[in-house]
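Novice: Here you go, one structure.
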Amino acid sequence: MSELSWTPPEVAEFYDGSSPMADKYYSGYQHLGYWYDDRDEATLEEASQRLTRKIVDTLGLRRGEHLLDAGCGLGAPAIHIAGEYGARVTGITISPVEAARAQARADESGVSDLVRFEVGDYHGLTHPENHFDAIVAIESLFNAFDLGKALLEFHRVLRPGGCVAFSEMIKTSTASQAKKPFPQAREPMTAEAWVQEFETAGFVVEEQVQCGRRVYVNSGRRYLEHHDEMSGRLSEEFGAELTADIRQGMQNGFHLGPEDVSYLILCARKQ
C-alpha cells in the first residue's frame, strides 16, 4: 500500500520540473552539504561532495565494484563516486529529465565508461538478485511509497555481504515537532524507526552517525542564503511561483533546531 498521497507519475513530473534549477544553480547536487562550523567557507558544491564522501566511506567501496545509486537525481554524486573510488555506478531515477541530464553530465565528465543512468523505480528494480556490490540512497527514500517494499528490493539486488548506505533528515525523538518539508515527502522518522525498517528487511545495521548541526543546521542557513542571492535570476528563468515554492520548501524543512531535527547516516549489511 502507498504511504503517500501522490503517484509515481507525479513524482516524475515534480522532478522533471524542479531539477533544471538544481542543475544550474546548485551544481547538480540535490542533497545537503557538510560544513564543520560557521567559519567554514566551503561552497555548496564542496560541502555536498564532503557529505557524499562521508556517506560512501561507510561502505568500504573498492575499485571495480558495482554500486547502485538509488534515486540518483542529476548524477553529480554518482560521477563523484566513480571518479574518486573507481567504482562502476548505475544510477536510477524516476525522472526522465534527470536521467538524460545525468547521462549527459557523465559524458561531459569523461566517466561514461564507469557510470550509466536509467529511468527506474526502486520499488520494482529490473536488476537480478545479488547483482550489486553496494547501494547508496542519499536523501531519496523520503519519496518511497512503500518503504518496506523498497528496502526488500535493495536486499534482493545486493550480493550477500554487500552494504547499503543511507542518509536522511530525521526526528530526534517521537516528540519532535519536525514535519515533512513539502507535501510530496514522507513524515520524518527517528533513527530507531529507521533501524527497525532496515532490520525488518533483513539487514544488519553496522554503523550509525548523526551530524545534525554540521549538516542540517548549516545546510539550512547556507542554502537559504544562496537561494536568496539567486532569487532574481531564478525568477526570470524558472518563474516566480516555482522559485517561491522551492524557498518555502527549504523554509519548512529547516525552521527547527538540532533539538528537533538531526541527520542520519546509516550503513547496513546483507548477511
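Quick note on naming: the chains in the C-alpha cells go A, B, ... in the order shown, residues restart at 1 in each chain, and ligands are numbered from 1 in order of appearance.
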Run DSSP on the backbone and grab whatever in range 130-261 of chain A lands in helix (DSSP H, G or I); send it over as number ranges by chain.
Specialist: A: 141-143, 147-157, 191-200, 212-238, 240-253
Novice: Counting only C-alpha atoms, what is within 10 Å of Glu118 in chain A, bar same-chain residues fewer than 4 positions away, as a CSV table (one decimal) with N, CA, C and O atoms, in the first residue's frame?
Specialist:
```csv
chain,number,residue,atom,x,y,z
A,72,CYS,N,19.2,8.7,-8.0
A,72,CYS,CA,20.4,9.4,-8.3
A,72,CYS,C,20.3,10.8,-8.7
A,72,CYS,O,21.3,11.5,-8.7
A,90,THR,N,25.6,2.4,-11.3
A,90,THR,CA,24.4,2.5,-12.0
A,90,THR,C,23.4,3.4,-11.2
A,90,THR,O,23.2,3.1,-10.0
A,91,GLY,N,23.0,4.5,-11.8
A,91,GLY,CA,22.1,5.4,-11.1
A,91,GLY,C,20.7,5.2,-11.7
A,91,GLY,O,20.5,5.1,-12.9
A,92,ILE,N,19.7,5.2,-10.8
A,92,ILE,CA,18.3,5.2,-11.2
A,92,ILE,C,17.5,6.4,-10.7
A,92,ILE,O,17.7,6.8,-9.5
A,93,THR,N,16.7,6.9,-11.5
A,93,THR,CA,15.8,8.0,-11.1
A,93,THR,C,14.4,7.8,-11.8
A,93,THR,O,14.4,7.3,-12.9
A,94,ILE,N,13.4,8.2,-11.2
A,94,ILE,CA,12.1,8.1,-11.8
A,94,ILE,C,11.8,9.2,-12.8
A,94,ILE,O,10.8,9.2,-13.5
A,95,SER,N,12.7,10.2,-12.8
A,95,SER,CA,12.5,11.3,-13.7
A,95,SER,C,13.3,11.2,-15.0
A,95,SER,O,14.5,11.1,-15.0
A,96,PRO,N,12.6,11.1,-16.2
A,96,PRO,CA,13.3,11.0,-17.4
A,96,PRO,C,14.2,12.3,-17.7
A,96,PRO,O,15.3,12.1,-18.3
A,98,GLU,N,15.9,14.0,-15.4
A,98,GLU,CA,17.1,13.8,-14.6
A,98,GLU,C,18.0,12.8,-15.2
A,98,GLU,O,19.2,13.0,-15.3
A,99,ALA,N,17.4,11.7,-15.7
A,99,ALA,CA,18.3,10.6,-16.2
A,99,ALA,C,19.0,11.1,-17.4
A,99,ALA,O,20.2,10.8,-17.6
A,100,ALA,N,18.3,11.8,-18.3
A,100,ALA,CA,19.0,12.3,-19.5
A,100,ALA,C,20.1,13.3,-19.2
A,100,ALA,O,21.2,13.3,-19.7
A,102,ALA,N,21.7,13.5,-16.3
A,102,ALA,CA,22.8,12.8,-15.6
A,102,ALA,C,23.7,12.1,-16.6
A,102,ALA,O,24.9,12.1,-16.4
A,103,GLN,N,23.1,11.5,-17.6
A,103,GLN,CA,24.0,10.8,-18.6
A,103,GLN,C,24.8,11.8,-19.4
A,103,GLN,O,26.0,11.5,-19.6
```
Novice: Which residues of range 118-231 of chain A sit at most 10 Å from range 39-54 of chain A, using only C-alpha atoms? Give each one's shortest atom pair and distance in Å (one decimal place), in chain and ascending residue order, as CSV.
Specialist:
```
residue,atom,partner,partner_atom,distance
A:Val136,CA,A:Thr52,CA,9.7
A:Ile138,CA,A:Thr52,CA,8.0
A:Ser167,CA,A:Leu51,CA,9.7
A:Val209,CA,A:Lys54,CA,9.9
A:Arg214,CA,A:Leu51,CA,9.9
A:Val215,CA,A:Leu51,CA,8.2
A:Asn218,CA,A:Asp40,CA,9.7
A:Ser219,CA,A:Leu44,CA,8.5
A:Arg222,CA,A:Leu44,CA,7.6
A:Tyr223,CA,A:Leu44,CA,7.7
A:His226,CA,A:Leu44,CA,8.6
```
Novice: With distances taken over only C-alpha atoms, which residue among A:Pro20, A:Pro258, A:Gly239, A:Gly75 lies nearest Gln210 in chain A?
Specialist: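 Using only C-alpha atoms, the shortest distance to Gln210 in chain A belongs to A:Pro258.
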Novice: Need to verify the contact set: Ala106 in chain A, 7 Å, only C-alpha atoms, exclusion of same-chain residues closer than 5 positions in sequence. Can you return it as a list in words?
Specialist: Ile79, Val111, Ser112 and Val115 of chain A
Novice: My list of candidates is A:Pro8, A:Gly124, A:Gly17, A:Pro183. Which is closest to His155 in chain A when distances are computed with only C-alpha atoms?
Specialist: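 Of all the options, A:Gly124 lies closest to His155 in chain A.
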